[in-house]
file upload_30.txt (compact mmCIF, C-alpha atoms)
# COMPACT_ATOMS: atom_id res chain seq x y z
CA GLY L 1 0.00 0.00 0.00
CA ALA L 2 0.88 3.66 -0.15
CA VAL L 3 3.37 4.95 2.40
CA VAL L 4 3.43 8.28 4.17
CA SER L 5 6.45 9.30 6.21
CA GLN L 6 6.94 12.02 8.78
CA HIS L 7 10.10 13.66 9.98
CA PRO L 8 11.16 13.99 12.70
CA SER L 9 9.48 11.28 14.74
CA ARG L 10 10.29 13.14 17.95
CA VAL L 11 11.38 16.69 18.60
CA ILE L 12 12.05 18.70 21.72
CA CYS L 13 12.26 22.46 21.42
CA LYS L 14 12.45 25.41 23.77
CA SER L 15 9.55 27.72 24.32
CA GLY L 16 9.50 30.56 21.81
CA THR L 17 11.27 28.69 19.04
CA SER L 18 9.75 27.29 15.85
CA VAL L 19 9.78 23.72 14.68
CA LYS L 20 9.04 22.24 11.27
CA ILE L 21 7.44 18.84 10.70
CA GLU L 22 7.57 17.21 7.27
CA CYS L 23 5.00 14.88 5.76
CA ARG L 24 5.93 12.99 2.60
CA SER L 25 4.00 10.64 0.36
CA LEU L 26 6.72 8.19 -0.66
CA ASP L 27 5.27 6.34 -3.61
CA PHE L 28 2.32 8.39 -4.73
CA GLN L 29 1.34 11.98 -5.32
CA ALA L 30 -0.98 13.82 -3.00
CA THR L 31 -2.59 17.10 -3.97
CA THR L 32 -4.25 17.12 -0.57
CA MET L 33 -2.88 16.21 2.83
CA PHE L 34 -4.44 16.48 6.26
CA TRP L 35 -2.83 17.47 9.54
CA TYR L 36 -4.17 16.11 12.82
CA ARG L 37 -3.29 16.69 16.43
CA GLN L 38 -3.71 14.02 19.08
CA PHE L 39 -3.72 14.70 22.81
CA PRO L 40 -3.09 11.86 25.26
CA LYS L 41 -6.07 9.55 25.51
CA GLN L 42 -8.03 11.73 23.11
CA SER L 43 -9.05 11.40 19.50
CA LEU L 44 -7.28 12.82 16.49
CA MET L 45 -8.46 16.35 15.85
CA LEU L 46 -8.25 17.67 12.30
CA MET L 47 -6.25 20.89 12.25
CA ALA L 48 -6.09 21.77 8.59
CA THR L 49 -6.23 20.59 5.02
CA SER L 50 -3.06 21.18 3.06
CA ASN L 51 -3.56 21.91 -0.63
CA GLU L 52 -0.76 21.70 -3.17
CA GLY L 53 -0.27 25.03 -4.87
CA SER L 54 -2.76 26.94 -2.77
CA LYS L 55 -3.44 28.04 0.79
CA ALA L 56 -4.27 25.56 3.47
CA THR L 57 -7.77 25.36 4.88
CA TYR L 58 -7.86 25.56 8.67
CA GLU L 59 -10.48 24.12 10.97
CA GLN L 60 -12.32 26.39 13.33
CA GLY L 61 -10.24 27.38 16.32
CA VAL L 62 -6.87 26.59 14.74
CA GLU L 63 -4.55 29.60 14.50
CA LYS L 64 -3.23 29.74 10.96
CA ASP L 65 -0.45 32.16 11.90
CA LYS L 66 0.78 29.77 14.56
CA PHE L 67 0.53 26.57 12.56
CA LEU L 68 1.96 27.40 9.17
CA ILE L 69 1.32 24.86 6.44
CA ASN L 70 3.13 24.73 3.13
CA HIS L 71 2.37 22.16 0.45
CA ALA L 72 5.30 22.84 -1.84
CA SER L 73 5.09 19.78 -4.03
CA LEU L 74 2.87 16.82 -4.80
CA THR L 75 4.76 14.70 -2.28
CA LEU L 76 5.58 17.10 0.55
CA SER L 77 3.62 19.11 3.07
CA THR L 78 5.18 20.85 6.05
CA LEU L 79 3.70 22.04 9.31
CA THR L 80 5.65 24.73 11.16
CA VAL L 81 4.72 25.43 14.75
CA THR L 82 5.81 29.02 15.30
CA SER L 83 6.74 30.50 18.67
CA ALA L 84 6.01 27.20 20.33
CA HIS L 85 4.71 27.03 23.88
CA PRO L 86 4.35 24.09 26.25
CA GLU L 87 0.65 23.82 25.43
CA ASP L 88 1.63 23.04 21.83
CA SER L 89 3.20 19.81 23.02
CA SER L 90 1.29 17.05 21.31
CA PHE L 91 1.37 14.25 18.78
CA TYR L 92 1.00 15.55 15.22
CA ILE L 93 -0.12 13.19 12.46
CA CYS L 94 -0.52 13.74 8.75
CA SER L 95 -2.48 11.77 6.18
CA ALA L 96 -3.00 11.70 2.45
CA PRO L 97 -5.91 10.33 0.46
CA GLY L 98 -5.34 7.26 -1.66
CA LEU L 99 -5.05 7.28 -5.41
CA LEU L 100 -8.66 6.27 -5.94
CA SER L 101 -11.01 8.99 -4.76
CA SER L 102 -13.82 6.47 -4.72
CA SER L 103 -12.06 4.36 -2.11
CA TYR L 104 -12.12 7.12 0.52
CA GLU L 105 -9.03 5.57 2.04
CA GLN L 106 -6.41 7.70 3.70
CA TYR L 107 -2.81 6.80 4.44
CA PHE L 108 -1.37 8.03 7.69
CA GLY L 109 2.13 8.95 8.69
CA PRO L 110 3.60 7.51 11.90
CA GLY L 111 3.27 10.82 13.72
CA THR L 112 5.63 13.35 15.30
CA ARG L 113 5.86 13.79 19.05
CA LEU L 114 6.51 17.45 19.86
CA THR L 115 7.61 18.44 23.34
CA VAL L 116 8.03 22.12 24.14
CA THR L 117 10.03 22.87 27.26
CA ALA B 1 -21.65 18.12 12.45
CA GLN B 2 -20.77 14.49 12.90
CA SER B 3 -19.34 12.94 16.06
CA VAL B 4 -18.04 9.53 17.05
CA THR B 5 -18.22 7.84 20.44
CA GLN B 6 -16.08 4.94 21.54
CA LEU B 7 -17.28 4.21 25.05
CA ASP B 8 -14.55 1.72 25.92
CA SER B 9 -11.14 3.29 26.34
CA GLN B 10 -9.52 -0.03 27.21
CA VAL B 11 -10.59 -3.61 26.50
CA PRO B 12 -8.60 -6.55 27.93
CA VAL B 13 -9.35 -9.89 26.28
CA PHE B 14 -7.89 -13.34 26.70
CA GLU B 15 -6.10 -14.78 23.71
CA GLU B 16 -8.39 -16.75 21.36
CA ALA B 17 -11.48 -15.18 22.91
CA PRO B 18 -13.92 -13.09 20.85
CA VAL B 19 -13.95 -9.31 21.09
CA GLU B 20 -16.30 -6.49 20.20
CA LEU B 21 -15.20 -2.86 20.14
CA ARG B 22 -18.09 -0.46 20.19
CA CYS B 23 -18.56 2.60 18.04
CA ASN B 24 -21.56 4.92 17.80
CA TYR B 25 -21.84 7.96 15.62
CA SER B 26 -24.14 10.89 15.08
CA SER B 27 -24.68 12.74 11.84
CA SER B 28 -27.48 14.54 10.09
CA VAL B 29 -26.51 13.18 6.68
CA SER B 30 -25.35 9.89 5.22
CA VAL B 31 -21.92 8.81 6.39
CA TYR B 32 -19.03 6.62 5.49
CA LEU B 33 -17.59 4.65 8.39
CA PHE B 34 -14.07 3.41 9.04
CA TRP B 35 -12.05 1.46 11.55
CA TYR B 36 -8.34 2.18 11.78
CA VAL B 37 -5.73 0.35 13.84
CA GLN B 38 -2.57 1.87 15.27
CA TYR B 39 0.14 -0.54 16.30
CA PRO B 40 2.83 0.73 18.68
CA ASN B 41 5.09 3.29 17.05
CA GLN B 42 3.31 3.03 13.71
CA GLY B 43 0.84 5.10 11.72
CA LEU B 44 -2.86 4.39 11.47
CA GLN B 45 -3.78 1.56 9.12
CA LEU B 46 -7.21 0.97 7.61
CA LEU B 47 -8.91 -2.15 8.93
CA LEU B 48 -12.18 -1.86 7.07
CA LYS B 49 -14.73 0.61 5.80
CA TYR B 50 -18.41 0.91 5.04
CA LEU B 51 -19.40 3.08 2.10
CA SER B 52 -22.62 1.44 0.90
CA GLY B 53 -24.16 -1.94 0.16
CA SER B 54 -23.94 -4.87 2.54
CA THR B 55 -24.02 -3.77 6.15
CA LEU B 56 -21.58 -6.49 7.19
CA VAL B 57 -18.08 -5.49 6.22
CA LYS B 58 -15.06 -7.74 6.37
CA GLY B 59 -11.60 -6.32 6.80
CA ILE B 60 -8.03 -7.39 7.24
CA ASN B 61 -6.71 -9.67 9.98
CA GLY B 62 -10.05 -11.41 10.50
CA PHE B 63 -11.94 -8.33 11.68
CA GLU B 64 -15.46 -7.46 10.63
CA ALA B 65 -17.94 -4.72 11.45
CA GLU B 66 -21.65 -4.27 11.02
CA PHE B 67 -23.29 -1.00 10.11
CA ASN B 68 -26.57 -0.53 11.95
CA LYS B 69 -28.31 2.60 10.75
CA SER B 70 -31.18 2.47 13.23
CA GLN B 71 -28.77 2.25 16.16
CA THR B 72 -26.18 4.50 14.51
CA SER B 73 -23.51 1.96 15.35
CA PHE B 74 -20.54 0.38 13.62
CA HIS B 75 -19.15 -2.13 16.11
CA LEU B 76 -15.94 -4.01 15.32
CA ARG B 77 -15.71 -7.73 16.02
CA LYS B 78 -13.26 -10.57 15.81
CA PRO B 79 -14.17 -14.15 16.75
CA SER B 80 -10.74 -15.09 18.09
CA VAL B 81 -8.02 -12.61 18.97
CA HIS B 82 -4.25 -13.06 18.91
CA ILE B 83 -1.42 -11.40 20.76
CA SER B 84 -0.60 -9.51 17.59
CA ASP B 85 -3.97 -7.74 17.75
CA THR B 86 -2.73 -5.64 20.67
CA ALA B 87 -3.13 -2.08 19.43
CA GLU B 88 -5.21 1.08 19.56
CA TYR B 89 -8.37 0.98 17.46
CA PHE B 90 -10.05 4.11 16.13
CA CYS B 91 -13.51 4.44 14.67
CA ALA B 92 -13.95 7.31 12.21
CA VAL B 93 -16.70 8.82 10.13
CA SER B 94 -16.85 11.10 7.14
CA GLU B 95 -19.97 12.69 5.80
CA GLY B 96 -20.61 11.26 2.35
CA GLY B 97 -18.33 12.71 -0.29
CA ASN B 98 -16.15 14.59 2.17
CA GLU B 99 -12.60 13.37 2.76
CA LYS B 100 -12.40 14.86 6.25
CA LEU B 101 -12.48 12.28 9.01
CA THR B 102 -13.88 12.65 12.51
CA PHE B 103 -12.33 10.19 14.93
CA GLY B 104 -13.47 8.58 18.13
CA THR B 105 -11.20 8.65 21.17
CA GLY B 106 -9.87 5.18 20.49
CA THR B 107 -9.99 1.84 22.27
CA ARG B 108 -6.85 0.16 23.48
CA LEU B 109 -7.15 -3.59 22.96
CA THR B 110 -4.92 -5.64 25.23
CA ILE B 111 -4.61 -9.36 24.68
CA ILE B 112 -3.97 -11.48 27.76
CA PRO B 113 -1.95 -14.64 27.11
call {"tool": "encode", "arguments": {"input": "upload_30.txt", "output": "structure tokens"}}
result
Amino acid sequence: GAVVSQHPSRVICKSGTSVKIECRSLDFQATTMFWYRQFPKQSLMLMATSNEGSKATYEQGVEKDKFLINHASLTLSTLTVTSAHPEDSSFYICSAPGLLSSSYEQYFGPGTRLTVT
Amino acid sequence: AQSVTQLDSQVPVFEEAPVELRCNYSSSVSVYLFWYVQYPNQGLQLLLKYLSGSTLVKGINGFEAEFNKSQTSFHLRKPSVHISDTAEYFCAVSEGGNEKLTFGTGTRLTIIP
């Protein structure tokens, strides 16, 4: 099946700094990717939809200036957490839809654990 | 807006015993339903999905789920579990034609040898 990778898998940063998380579709092209955030013992919450060649679409309550999304190519989307604070510590997961739109299947990356100290 | 409820946060089951993981949803329109599994240190993997047609859906690794519209449920079942089934299971829903997924809080399945 299709593979989605994320880098880094874990990152620790100091409060006030920015950190970039990469999401790559390894063997297929993705014009759309999704970014989720998962708190401990909670469900995945959709943050935004990343669109290749255009602006990302953010869900209600998600600060677009804080969580910058860039979908620079058909295989890469990046999420940059700017001026990170401890409350931004979380597990961030990306996904990309499969090749067949009729299958409604999404392929998920392994996630990135962000810890802000 | 749709929502998904997984009432059981943890389910311990003896090896080779049957298991049912519960999922209920709410939505004002027709939905597509999914079960994903997350093994330790791995990404989510699709177990099975219901889009239309037969309400009994069979997935990978011997799992199946039944869509019950009147009860707005999509419970996941397996007749005999194995140690390798230890994982976190997520139920998800998307409103027909929309790629966005709404997830439940997940159920951690622990298999007891």
call {"tool": "closest_atom_pairs", "arguments": {"input": "upload_30.txt", "of": "chain B", "to": "chain L", "cutoff": "7 Å", "atoms": "all atoms listed in the file", "output": "CSV"}}
result
residue,atom,partner,partner_atom,distance
B:Asn41,CA,L:Pro110,CA,6.8
B:Gln42,CA,L:Pro110,CA,4.8
B:Gly43,CA,L:Pro110,CA,3.7
B:Leu44,CA,L:Phe108,CA,5.5
B:Glu99,CA,L:Tyr104,CA,6.7
B:Phe103,CA,L:Ser43,CA,5.8
B:Gly104,CA,L:Ser43,CA,5.4
B:Thr105,CA,L:Ser43,CA,3.9
B:Gly106,CA,L:Ser43,CA,6.4
call {"tool": "closest_residue", "arguments": {"input": "upload_30.txt", "among": "B:Cys91, B:Leu109, B:Leu101, B:Leu7", "to": "Trp35 in chain B", "atoms": "all atoms listed in the file"}}
result
B:Cys91
call {"tool": "residues_around", "arguments": {"input": "upload_30.txt", "residues": "Gly59 in chain B", "least_positions_apart": "4", "cutoff": "8 Å", "atoms": "only C-alpha atoms", "output": "list in words"}}
result
Leu47, Leu48, Lys49, Phe63 and Glu64 of chain B
call {"tool": "closest_residue", "arguments": {"input": "upload_30.txt", "among": "L:Phe67, L:Cys13, L:Thr112, L:Val62", "to": "Phe91 in chain L", "atoms": "all atoms listed in the file"}}
result
L:Thr112
call {"tool": "closest_residue", "arguments": {"input": "upload_30.txt", "among": "B:Ala1, B:Ser94, B:Asn24, B:Phe34", "to": "Lys58 in chain B", "atoms": "only C-alpha atoms"}}
result
B:Phe34
call {"tool": "closest_residue", "arguments": {"input": "upload_30.txt", "among": "B:Thr102, B:Pro40, B:Ile111, B:Gln10", "to": "His82 in chain B", "atoms": "all atoms listed in the file"}}
result
B:Ile111
call {"tool": "closest_residue", "arguments": {"input": "upload_30.txt", "among": "L:Thr115, L:Ser54, L:Thr31, L:Ser25", "to": "Ala84 in chain L", "atoms": "all atoms listed in the file"}}
result
L:Thr115
call {"tool": "atom_distance", "arguments": {"input": "upload_30.txt", "atom1": "CA of Val81 in chain B", "atom2": "CA of Thr55 in chain B"}}
result
22.3 Å
call {"tool": "atom_distance", "arguments": {"input": "upload_30.txt", "atom1": "CA of Ser89 in chain L", "atom2": "CA of Arg10 in chain L"}}
result
11.0 Å
call {"tool": "atom_distance", "arguments": {"input": "upload_30.txt", "atom1": "CA of Glu87 in chain L", "atom2": "CA of Cys23 in chain L"}}
result
22.0 Å
call {"tool": "closest_residue", "arguments": {"input": "upload_30.txt", "among": "L:Gln29, L:Thr117, L:Gln60, L:Asn51", "to": "Ser83 in chain L", "atoms": "all atoms listed in the file"}}
result
L:Thr117
call {"tool": "residues_around", "arguments": {"input": "upload_30.txt", "residues": "Ser50 in chain L", "least_positions_apart": "2", "cutoff": "9 Å", "atoms": "all atoms listed in the file", "output": "ChimeraX atom specification"}}
result
/L:31-35,48,52,54-58,69-71,77-78
call {"tool": "build_atoms", "arguments": {"input": "upload_30.txt", "residues": "range 20-44 of chain B", "atoms": "N, CA, C and O atoms", "output": "short mmCIF file (atom, residue, chain, number, x, y, z; two decimals), keeping the file's coordinate frame"}}
result
data_model
loop_
_atom_site.label_atom_id
_atom_site.label_comp_id
_atom_site.auth_asym_id
_atom_site.auth_seq_id
_atom_site.Cartn_x
_atom_site.Cartn_y
_atom_site.Cartn_z
N GLU B 20 -15.50 -7.49 20.90
CA GLU B 20 -16.30 -6.49 20.20
C GLU B 20 -15.89 -5.12 20.71
O GLU B 20 -15.91 -4.87 21.92
N LEU B 21 -15.53 -4.24 19.81
CA LEU B 21 -15.20 -2.86 20.14
C LEU B 21 -16.33 -1.99 19.62
O LEU B 21 -16.66 -2.02 18.44
N ARG B 22 -16.88 -1.19 20.54
CA ARG B 22 -18.09 -0.46 20.19
C ARG B 22 -17.81 0.92 19.61
O ARG B 22 -16.87 1.60 20.03
N CYS B 23 -18.66 1.29 18.66
CA CYS B 23 -18.56 2.60 18.04
C CYS B 23 -19.96 3.09 17.71
O CYS B 23 -20.72 2.38 17.05
N ASN B 24 -20.30 4.27 18.16
CA ASN B 24 -21.56 4.92 17.80
C ASN B 24 -21.24 6.28 17.19
O ASN B 24 -20.27 6.93 17.57
N TYR B 25 -22.09 6.70 16.29
CA TYR B 25 -21.84 7.96 15.62
C TYR B 25 -23.13 8.77 15.58
O TYR B 25 -24.23 8.25 15.80
N SER B 26 -22.97 10.05 15.32
CA SER B 26 -24.14 10.89 15.08
C SER B 26 -23.83 11.77 13.88
O SER B 26 -22.72 12.29 13.74
N SER B 27 -24.83 11.91 13.03
CA SER B 27 -24.68 12.74 11.84
C SER B 27 -26.06 13.02 11.28
O SER B 27 -26.97 12.21 11.41
N SER B 28 -26.20 14.16 10.67
CA SER B 28 -27.48 14.54 10.09
C SER B 28 -27.60 14.13 8.62
O SER B 28 -28.65 14.26 8.02
N VAL B 29 -26.50 13.61 8.07
CA VAL B 29 -26.51 13.18 6.68
C VAL B 29 -25.91 11.77 6.60
O VAL B 29 -25.48 11.21 7.59
N SER B 30 -25.91 11.23 5.38
CA SER B 30 -25.35 9.89 5.22
C SER B 30 -23.84 9.94 5.47
O SER B 30 -23.19 10.94 5.20
N VAL B 31 -23.32 8.85 6.00
CA VAL B 31 -21.92 8.81 6.39
C VAL B 31 -21.20 7.60 5.81
O VAL B 31 -21.82 6.60 5.45
N TYR B 32 -19.91 7.75 5.74
CA TYR B 32 -19.03 6.62 5.49
C TYR B 32 -18.32 6.32 6.80
O TYR B 32 -17.96 7.23 7.54
N LEU B 33 -18.13 5.04 7.10
CA LEU B 33 -17.59 4.65 8.39
C LEU B 33 -16.32 3.83 8.22
O LEU B 33 -16.19 3.03 7.29
N PHE B 34 -15.39 4.04 9.14
CA PHE B 34 -14.07 3.41 9.04
C PHE B 34 -13.61 2.92 10.42
O PHE B 34 -13.96 3.49 11.45
N TRP B 35 -12.82 1.87 10.39
CA TRP B 35 -12.05 1.46 11.55
C TRP B 35 -10.58 1.46 11.15
O TRP B 35 -10.19 0.86 10.15
N TYR B 36 -9.78 2.16 11.97
CA TYR B 36 -8.34 2.18 11.78
C TYR B 36 -7.67 1.54 13.00
O TYR B 36 -8.18 1.63 14.12
N VAL B 37 -6.51 0.94 12.76
CA VAL B 37 -5.73 0.35 13.84
C VAL B 37 -4.37 1.04 13.89
O VAL B 37 -3.80 1.37 12.84
N GLN B 38 -3.90 1.26 15.09
CA GLN B 38 -2.57 1.87 15.27
C GLN B 38 -1.73 0.96 16.15
O GLN B 38 -1.97 0.86 17.36
N TYR B 39 -0.78 0.29 15.54
CA TYR B 39 0.14 -0.54 16.30
C TYR B 39 1.20 0.36 16.93
O TYR B 39 1.45 1.47 16.45
N PRO B 40 1.83 -0.10 18.00
CA PRO B 40 2.83 0.73 18.68
C PRO B 40 3.87 1.29 17.73
O PRO B 40 4.44 0.56 16.91
N ASN B 41 4.07 2.59 17.83
CA ASN B 41 5.09 3.29 17.05
C ASN B 41 4.87 3.22 15.53
O ASN B 41 5.82 3.33 14.75
N GLN B 42 3.63 3.04 15.14
CA GLN B 42 3.31 3.03 13.71
C GLN B 42 2.16 3.98 13.42
O GLN B 42 1.46 4.44 14.31
N GLY B 43 1.96 4.26 12.13
CA GLY B 43 0.84 5.10 11.72
C GLY B 43 -0.46 4.32 11.70
O GLY B 43 -0.47 3.10 11.85
N LEU B 44 -1.55 5.03 11.54
CA LEU B 44 -2.86 4.39 11.47
C LEU B 44 -2.99 3.60 10.17
O LEU B 44 -2.56 4.04 9.11
#
